[in-house]
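Everything below belongs to entry10.cif, which stores mmCIF, N, CA and C atoms.
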```cif
data_structure
#
loop_
_atom_site.group_PDB
_atom_site.id
_atom_site.type_symbol
_atom_site.label_atom_id
_atom_site.label_comp_id
_atom_site.auth_asym_id
_atom_site.auth_seq_id
_atom_site.Cartn_x
_atom_site.Cartn_y
_atom_site.Cartn_z
ATOM 1 N N MET A 1 -7.293 8.708 6.734
ATOM 2 C CA MET A 1 -5.942 8.450 6.308
ATOM 3 C C MET A 1 -4.943 9.091 7.261
ATOM 4 N N VAL A 2 -5.284 10.249 7.781
ATOM 5 C CA VAL A 2 -4.359 10.955 8.660
ATOM 6 C C VAL A 2 -4.045 10.127 9.899
ATOM 7 N N SER A 3 -5.047 9.470 10.492
ATOM 8 C CA SER A 3 -4.770 8.678 11.694
ATOM 9 C C SER A 3 -3.894 7.471 11.368
ATOM 10 N N SER A 4 -4.104 6.845 10.202
ATOM 11 C CA SER A 4 -3.246 5.723 9.791
ATOM 12 C C SER A 4 -1.816 6.205 9.558
ATOM 13 N N LEU A 5 -1.678 7.330 8.897
ATOM 14 C CA LEU A 5 -0.353 7.893 8.650
ATOM 15 C C LEU A 5 0.339 8.210 9.971
ATOM 16 N N ASN A 6 -0.377 8.828 10.899
ATOM 17 C CA ASN A 6 0.194 9.140 12.209
ATOM 18 C C ASN A 6 0.603 7.871 12.957
ATOM 19 N N SER A 7 -0.195 6.830 12.824
ATOM 20 C CA SER A 7 0.126 5.556 13.466
ATOM 21 C C SER A 7 1.435 4.977 12.926
ATOM 22 N N PHE A 8 1.612 5.047 11.613
ATOM 23 C CA PHE A 8 2.861 4.569 11.014
ATOM 24 C C PHE A 8 4.044 5.411 11.470
ATOM 25 N N VAL A 9 3.864 6.714 11.540
ATOM 26 C CA VAL A 9 4.946 7.604 11.996
ATOM 27 C C VAL A 9 5.343 7.247 13.425
ATOM 28 N N GLU A 10 4.354 6.978 14.288
ATOM 29 C CA GLU A 10 4.642 6.587 15.671
ATOM 30 C C GLU A 10 5.432 5.278 15.730
ATOM 31 N N LYS A 11 5.288 4.426 14.706
ATOM 32 C CA LYS A 11 6.009 3.149 14.646
ATOM 33 C C LYS A 11 7.358 3.285 13.943
ATOM 34 N N GLY A 12 7.742 4.527 13.608
ATOM 35 C CA GLY A 12 9.055 4.755 13.020
ATOM 36 C C GLY A 12 9.077 4.897 11.510
ATOM 37 N N TYR A 13 7.925 4.931 10.872
ATOM 38 C CA TYR A 13 7.854 5.091 9.415
ATOM 39 C C TYR A 13 7.856 6.588 9.101
ATOM 40 N N THR A 14 9.030 7.175 9.149
ATOM 41 C CA THR A 14 9.145 8.634 9.064
ATOM 42 C C THR A 14 9.596 9.156 7.703
ATOM 43 N N GLU A 15 10.089 8.284 6.846
ATOM 44 C CA GLU A 15 10.522 8.711 5.512
ATOM 45 C C GLU A 15 9.295 8.834 4.608
ATOM 46 N N ASP A 16 9.357 9.744 3.658
ATOM 47 C CA ASP A 16 8.321 9.869 2.630
ATOM 48 C C ASP A 16 8.927 9.437 1.307
ATOM 49 N N TYR A 17 8.171 8.664 0.546
ATOM 50 C CA TYR A 17 8.672 8.147 -0.727
ATOM 51 C C TYR A 17 7.852 8.674 -1.892
ATOM 52 N N LYS A 18 8.528 8.731 -3.038
ATOM 53 C CA LYS A 18 7.883 9.127 -4.292
ATOM 54 C C LYS A 18 8.398 8.210 -5.392
ATOM 55 N N ALA A 19 7.480 7.688 -6.204
ATOM 56 C CA ALA A 19 7.876 6.813 -7.311
ATOM 57 C C ALA A 19 8.321 7.659 -8.492
ATOM 58 N N LEU A 20 9.478 7.296 -9.033
ATOM 59 C CA LEU A 20 10.032 7.940 -10.219
ATOM 60 C C LEU A 20 10.273 6.868 -11.273
ATOM 61 N N GLN A 21 10.599 7.266 -12.468
ATOM 62 C CA GLN A 21 10.975 6.316 -13.517
ATOM 63 C C GLN A 21 12.165 5.482 -13.087
ATOM 64 N N SER A 22 13.088 6.100 -12.329
ATOM 65 C CA SER A 22 14.326 5.430 -11.937
ATOM 66 C C SER A 22 14.201 4.580 -10.671
ATOM 67 N N GLY A 23 13.067 4.648 -9.972
ATOM 68 C CA GLY A 23 12.873 3.869 -8.758
ATOM 69 C C GLY A 23 12.054 4.626 -7.734
ATOM 70 N N LEU A 24 12.154 4.190 -6.490
ATOM 71 C CA LEU A 24 11.419 4.810 -5.392
ATOM 72 C C LEU A 24 12.363 5.740 -4.647
ATOM 73 N N LYS A 25 12.051 7.032 -4.650
ATOM 74 C CA LYS A 25 12.939 8.021 -4.051
ATOM 75 C C LYS A 25 12.521 8.346 -2.624
ATOM 76 N N ALA A 26 13.481 8.272 -1.705
ATOM 77 C CA ALA A 26 13.284 8.729 -0.331
ATOM 78 C C ALA A 26 13.462 10.244 -0.348
ATOM 79 N N LEU A 27 12.412 10.985 -0.016
ATOM 80 C CA LEU A 27 12.449 12.431 -0.182
ATOM 81 C C LEU A 27 13.389 13.129 0.797
ATOM 82 N N LYS A 28 13.579 12.581 1.982
ATOM 83 C CA LYS A 28 14.481 13.223 2.955
ATOM 84 C C LYS A 28 15.946 12.951 2.630
ATOM 85 N N SER A 29 16.269 11.715 2.309
ATOM 86 C CA SER A 29 17.672 11.365 2.064
ATOM 87 C C SER A 29 18.068 11.503 0.594
ATOM 88 N N GLY A 30 17.093 11.435 -0.298
ATOM 89 C CA GLY A 30 17.375 11.518 -1.726
ATOM 90 C C GLY A 30 17.777 10.192 -2.357
ATOM 91 N N LYS A 31 17.884 9.140 -1.552
ATOM 92 C CA LYS A 31 18.285 7.829 -2.073
ATOM 93 C C LYS A 31 17.168 7.237 -2.925
ATOM 94 N N ILE A 32 17.566 6.546 -3.988
ATOM 95 C CA ILE A 32 16.601 5.891 -4.870
ATOM 96 C C ILE A 32 16.739 4.384 -4.719
ATOM 97 N N TYR A 33 15.617 3.727 -4.468
ATOM 98 C CA TYR A 33 15.572 2.280 -4.251
ATOM 99 C C TYR A 33 14.947 1.581 -5.445
ATOM 100 N N GLN A 34 15.440 0.395 -5.713
ATOM 101 C CA GLN A 34 14.891 -0.468 -6.755
ATOM 102 C C GLN A 34 13.891 -1.436 -6.112
ATOM 103 N N PRO A 35 12.996 -2.039 -6.908
ATOM 104 C CA PRO A 35 11.964 -2.914 -6.339
ATOM 105 C C PRO A 35 12.513 -4.021 -5.437
ATOM 106 N N GLU A 36 13.666 -4.580 -5.766
ATOM 107 C CA GLU A 36 14.225 -5.652 -4.950
ATOM 108 C C GLU A 36 14.759 -5.157 -3.600
ATOM 109 N N GLU A 37 14.810 -3.841 -3.405
ATOM 110 C CA GLU A 37 15.288 -3.264 -2.148
ATOM 111 C C GLU A 37 14.150 -2.812 -1.234
ATOM 112 N N VAL A 38 12.908 -3.130 -1.635
ATOM 113 C CA VAL A 38 11.725 -2.608 -0.953
ATOM 114 C C VAL A 38 10.798 -3.740 -0.538
ATOM 115 N N ARG A 39 10.262 -3.625 0.680
ATOM 116 C CA ARG A 39 9.213 -4.539 1.135
ATOM 117 C C ARG A 39 8.024 -3.718 1.609
ATOM 118 N N VAL A 40 6.829 -4.113 1.188
ATOM 119 C CA VAL A 40 5.616 -3.484 1.686
ATOM 120 C C VAL A 40 5.211 -4.250 2.941
ATOM 121 N N ILE A 41 5.231 -3.565 4.059
ATOM 122 C CA ILE A 41 4.919 -4.175 5.340
ATOM 123 C C ILE A 41 3.417 -4.179 5.594
ATOM 124 N N ASP A 42 2.742 -3.129 5.166
ATOM 125 C CA ASP A 42 1.301 -2.993 5.382
ATOM 126 C C ASP A 42 0.773 -1.974 4.386
ATOM 127 N N PHE A 43 -0.520 -1.985 4.182
ATOM 128 C CA PHE A 43 -1.146 -0.956 3.363
ATOM 129 C C PHE A 43 -2.588 -0.775 3.809
ATOM 130 N N HIS A 44 -3.112 0.418 3.558
ATOM 131 C CA HIS A 44 -4.499 0.742 3.886
ATOM 132 C C HIS A 44 -5.119 1.446 2.693
ATOM 133 N N ARG A 45 -6.325 1.033 2.339
ATOM 134 C CA ARG A 45 -7.073 1.701 1.278
ATOM 135 C C ARG A 45 -8.141 2.572 1.901
ATOM 136 N N PHE A 46 -8.373 3.727 1.285
ATOM 137 C CA PHE A 46 -9.344 4.683 1.798
ATOM 138 C C PHE A 46 -10.284 5.114 0.683
ATOM 139 N N GLU A 47 -11.544 5.315 1.035
ATOM 140 C CA GLU A 47 -12.556 5.791 0.104
ATOM 141 C C GLU A 47 -13.042 7.133 0.604
ATOM 142 N N GLY A 48 -13.144 8.091 -0.310
ATOM 143 C CA GLY A 48 -13.627 9.415 0.067
ATOM 144 C C GLY A 48 -15.058 9.364 0.570
ATOM 145 N N SER A 49 -15.355 10.125 1.617
ATOM 146 C CA SER A 49 -16.699 10.094 2.200
ATOM 147 C C SER A 49 -17.732 10.759 1.308
ATOM 148 N N SER A 50 -17.345 11.774 0.563
ATOM 149 C CA SER A 50 -18.310 12.459 -0.298
ATOM 150 C C SER A 50 -18.311 11.914 -1.721
ATOM 151 N N ASP A 51 -17.236 11.231 -2.121
ATOM 152 C CA ASP A 51 -17.144 10.699 -3.483
ATOM 153 C C ASP A 51 -16.504 9.312 -3.429
ATOM 154 N N PRO A 52 -17.302 8.251 -3.616
ATOM 155 C CA PRO A 52 -16.755 6.898 -3.572
ATOM 156 C C PRO A 52 -15.641 6.654 -4.588
ATOM 157 N N ALA A 53 -15.572 7.455 -5.647
ATOM 158 C CA ALA A 53 -14.515 7.299 -6.650
ATOM 159 C C ALA A 53 -13.199 7.918 -6.170
ATOM 160 N N ASP A 54 -13.254 8.665 -5.069
ATOM 161 C CA ASP A 54 -12.064 9.305 -4.511
ATOM 162 C C ASP A 54 -11.365 8.308 -3.590
ATOM 163 N N ASN A 55 -10.531 7.461 -4.162
ATOM 164 C CA ASN A 55 -9.853 6.404 -3.414
ATOM 165 C C ASN A 55 -8.365 6.677 -3.330
ATOM 166 N N SER A 56 -7.767 6.254 -2.220
ATOM 167 C CA SER A 56 -6.317 6.370 -2.084
ATOM 168 C C SER A 56 -5.796 5.155 -1.336
ATOM 169 N N ILE A 57 -4.486 4.969 -1.426
ATOM 170 C CA ILE A 57 -3.832 3.858 -0.746
ATOM 171 C C ILE A 57 -2.567 4.378 -0.074
ATOM 172 N N LEU A 58 -2.337 3.895 1.132
ATOM 173 C CA LEU A 58 -1.176 4.263 1.928
ATOM 174 C C LEU A 58 -0.353 3.002 2.154
ATOM 175 N N TYR A 59 0.888 3.033 1.695
ATOM 176 C CA TYR A 59 1.795 1.898 1.862
ATOM 177 C C TYR A 59 2.785 2.187 2.984
ATOM 178 N N ALA A 60 3.020 1.201 3.855
ATOM 179 C CA ALA A 60 4.106 1.257 4.837
ATOM 180 C C ALA A 60 5.250 0.439 4.248
ATOM 181 N N ILE A 61 6.399 1.073 4.090
ATOM 182 C CA ILE A 61 7.516 0.479 3.352
ATOM 183 C C ILE A 61 8.763 0.400 4.221
ATOM 184 N N GLU A 62 9.478 -0.725 4.090
ATOM 185 C CA GLU A 62 10.812 -0.860 4.668
ATOM 186 C C GLU A 62 11.778 -1.162 3.534
ATOM 187 N N THR A 63 12.961 -0.577 3.614
ATOM 188 C CA THR A 63 13.963 -0.773 2.571
ATOM 189 C C THR A 63 15.080 -1.689 3.077
ATOM 190 N N SER A 64 15.883 -2.164 2.156
ATOM 191 C CA SER A 64 16.949 -3.113 2.491
ATOM 192 C C SER A 64 18.004 -2.530 3.434
ATOM 193 N N ASP A 65 18.100 -1.208 3.495
ATOM 194 C CA ASP A 65 19.068 -0.591 4.415
ATOM 195 C C ASP A 65 18.425 -0.126 5.720
ATOM 196 N N GLY A 66 17.183 -0.570 5.964
ATOM 197 C CA GLY A 66 16.529 -0.309 7.236
ATOM 198 C C GLY A 66 15.687 0.947 7.320
ATOM 199 N N GLN A 67 15.581 1.690 6.237
ATOM 200 C CA GLN A 67 14.738 2.879 6.257
ATOM 201 C C GLN A 67 13.269 2.464 6.258
ATOM 202 N N LYS A 68 12.446 3.244 6.970
ATOM 203 C CA LYS A 68 11.016 2.961 7.035
ATOM 204 C C LYS A 68 10.252 4.237 6.734
ATOM 205 N N GLY A 69 9.231 4.102 5.882
ATOM 206 C CA GLY A 69 8.442 5.273 5.540
ATOM 207 C C GLY A 69 7.155 4.895 4.848
ATOM 208 N N THR A 70 6.521 5.902 4.275
ATOM 209 C CA THR A 70 5.218 5.701 3.646
ATOM 210 C C THR A 70 5.195 6.273 2.227
ATOM 211 N N LEU A 71 4.285 5.706 1.463
ATOM 212 C CA LEU A 71 4.018 6.147 0.094
ATOM 213 C C LEU A 71 2.516 6.227 -0.052
ATOM 214 N N VAL A 72 2.017 7.345 -0.554
ATOM 215 C CA VAL A 72 0.586 7.536 -0.750
ATOM 216 C C VAL A 72 0.317 7.652 -2.241
ATOM 217 N N ASP A 73 -0.765 7.030 -2.675
ATOM 218 C CA ASP A 73 -1.153 7.103 -4.079
ATOM 219 C C ASP A 73 -2.671 7.077 -4.176
ATOM 220 N N ALA A 74 -3.181 7.607 -5.277
ATOM 221 C CA ALA A 74 -4.592 7.422 -5.582
ATOM 222 C C ALA A 74 -4.774 5.948 -5.911
ATOM 223 N N PHE A 75 -5.978 5.453 -5.750
ATOM 224 C CA PHE A 75 -6.241 4.046 -6.026
ATOM 225 C C PHE A 75 -7.296 3.958 -7.114
ATOM 226 N N GLY A 76 -7.051 3.112 -8.098
ATOM 227 C CA GLY A 76 -8.000 2.961 -9.200
ATOM 228 C C GLY A 76 -7.548 3.754 -10.403
ATOM 229 N N PRO A 77 -8.495 4.242 -11.189
ATOM 230 C CA PRO A 77 -8.157 4.915 -12.452
ATOM 231 C C PRO A 77 -7.297 6.171 -12.284
ATOM 232 N N GLU A 78 -7.347 6.784 -11.129
ATOM 233 C CA GLU A 78 -6.594 8.022 -10.899
ATOM 234 C C GLU A 78 -5.180 7.770 -10.383
ATOM 235 N N SER A 79 -4.785 6.513 -10.246
ATOM 236 C CA SER A 79 -3.475 6.209 -9.663
ATOM 237 C C SER A 79 -2.333 6.666 -10.571
ATOM 238 N N ASP A 80 -1.203 6.914 -9.945
ATOM 239 C CA ASP A 80 0.023 7.304 -10.654
ATOM 240 C C ASP A 80 0.618 6.035 -11.270
ATOM 241 N N THR A 81 0.801 6.020 -12.570
ATOM 242 C CA THR A 81 1.289 4.811 -13.238
ATOM 243 C C THR A 81 2.676 4.410 -12.757
ATOM 244 N N LYS A 82 3.506 5.382 -12.358
ATOM 245 C CA LYS A 82 4.846 5.053 -11.853
ATOM 246 C C LYS A 82 4.740 4.273 -10.536
ATOM 247 N N VAL A 83 3.810 4.678 -9.669
ATOM 248 C CA VAL A 83 3.605 3.961 -8.407
ATOM 249 C C VAL A 83 3.072 2.567 -8.699
ATOM 250 N N THR A 84 2.081 2.479 -9.565
ATOM 251 C CA THR A 84 1.465 1.185 -9.899
ATOM 252 C C THR A 84 2.505 0.219 -10.451
ATOM 253 N N GLU A 85 3.302 0.663 -11.409
ATOM 254 C CA GLU A 85 4.316 -0.203 -12.019
ATOM 255 C C GLU A 85 5.376 -0.624 -10.996
ATOM 256 N N PHE A 86 5.823 0.314 -10.170
ATOM 257 C CA PHE A 86 6.836 -0.016 -9.177
ATOM 258 C C PHE A 86 6.295 -1.031 -8.176
ATOM 259 N N MET A 87 5.095 -0.804 -7.676
ATOM 260 C CA MET A 87 4.528 -1.691 -6.664
ATOM 261 C C MET A 87 4.215 -3.071 -7.247
ATOM 262 N N GLN A 88 3.878 -3.153 -8.510
ATOM 263 C CA GLN A 88 3.680 -4.460 -9.140
ATOM 264 C C GLN A 88 4.991 -5.241 -9.179
ATOM 265 N N GLN A 89 6.090 -4.560 -9.448
ATOM 266 C CA GLN A 89 7.405 -5.220 -9.445
ATOM 267 C C GLN A 89 7.759 -5.708 -8.041
ATOM 268 N N VAL A 90 7.482 -4.895 -7.030
ATOM 269 C CA VAL A 90 7.740 -5.284 -5.640
ATOM 270 C C VAL A 90 6.907 -6.515 -5.294
ATOM 271 N N GLU A 91 5.641 -6.522 -5.708
ATOM 272 C CA GLU A 91 4.751 -7.653 -5.427
ATOM 273 C C GLU A 91 5.248 -8.928 -6.099
ATOM 274 N N GLU A 92 5.696 -8.833 -7.340
ATOM 275 C CA GLU A 92 6.207 -10.011 -8.052
ATOM 276 C C GLU A 92 7.449 -10.574 -7.365
ATOM 277 N N ILE A 93 8.354 -9.713 -6.942
ATOM 278 C CA ILE A 93 9.554 -10.155 -6.235
ATOM 279 C C ILE A 93 9.163 -10.830 -4.928
ATOM 280 N N SER A 94 8.203 -10.245 -4.208
ATOM 281 C CA SER A 94 7.741 -10.813 -2.946
ATOM 282 C C SER A 94 7.141 -12.198 -3.147
ATOM 283 N N LYS A 95 6.365 -12.370 -4.209
ATOM 284 C CA LYS A 95 5.756 -13.673 -4.495
ATOM 285 C C LYS A 95 6.837 -14.723 -4.762
ATOM 286 N N LYS A 96 7.872 -14.347 -5.500
ATOM 287 C CA LYS A 96 8.960 -15.274 -5.813
ATOM 288 C C LYS A 96 9.720 -15.666 -4.543
ATOM 289 N N VAL A 97 10.018 -14.683 -3.711
ATOM 290 C CA VAL A 97 10.774 -14.939 -2.479
ATOM 291 C C VAL A 97 9.954 -15.837 -1.557
ATOM 292 N N ASN A 98 8.674 -15.523 -1.387
ATOM 293 C CA ASN A 98 7.824 -16.323 -0.506
ATOM 294 C C ASN A 98 7.642 -17.736 -1.042
ATOM 295 N N LYS A 99 7.593 -17.903 -2.346
ATOM 296 C CA LYS A 99 7.461 -19.226 -2.943
ATOM 297 C C LYS A 99 8.721 -20.063 -2.703
ATOM 298 N N GLU A 100 9.892 -19.429 -2.789
ATOM 299 C CA GLU A 100 11.157 -20.118 -2.572
ATOM 300 C C GLU A 100 11.321 -20.543 -1.112
ATOM 301 N N ILE A 101 10.733 -19.778 -0.189
ATOM 302 C CA ILE A 101 10.829 -20.087 1.236
ATOM 303 C C ILE A 101 9.944 -21.285 1.586
ATOM 304 N N SER A 102 8.809 -21.417 0.924
ATOM 305 C CA SER A 102 7.847 -22.484 1.241
ATOM 306 C C SER A 102 8.387 -23.847 1.024
#
```

Transcribe the structure of this file into structure tokens.
Amino acid sequence: MVSSLNSFVEKGYTEDYKALQSGLKALKSGKIYQPEEVRVIDFHRFEGSSDPADNSILYAIETSDGQKGTLVDAFGPESDTKVTEFMQQVEEISKKVNKEIS
């Protein structure tokens, strides 16, 4: 995961995000984004080498105002429900937008 994270940082994804009840918070700037202001550009899933149940996911995110950063979460049963709910909303919006473009 560290090499993927470093790769994103080298590409300008320098903000760190945290999912809250109120939205996705940029930890450096303090700004809170709503699902319609966020696009997932890429993501990587990782499995722990010693424990296959130790899974995580790294999201590369761009916001409507041009900020770029990453969000890390556990994947599967250990995931943060706030991250899961927020990312599901982002995915639904993305599906609608892509369908309208087609």

Notebook entry, point to check: Using the chain letters and numbers from this document, which residues of chain A does DSSP assign to strand (DSSP E), as an NGL selection string?
Noted result: :A and (15-20 or 23-26 or 32-33 or 38-47 or 55-63 or 68-74)

Open item on the list: Which residues are near stretch 18-30 of chain A? Cut-off 8 Å, only N, CA and C atoms, ignore same chain within fewer than 6 positions. Put them as a list in words.
Closed with: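 Counting only the stated atoms, we get Thr70, Leu71, Val72, Thr81, Lys82, Val83, Thr84 and Phe86 of chain A.
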
Measure the distance from atom CA of A:Ile57 to atom CA of A:Thr14 in Å and round it to one decimal.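 Computing the Euclidean distance for atom CA of A:Ile57 and atom CA of A:Thr14 yields 17.0 Å.
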
Near-A:Gly69 list (5 Å; all atoms listed in the file; drop same-chain fewer than 4 positions) as a PyMOL selection string: chain A and resi 13-16+60-61

Atom N of A:Glu78 sits from atom CA of A:Gln34 at a separation of 23.8 Å
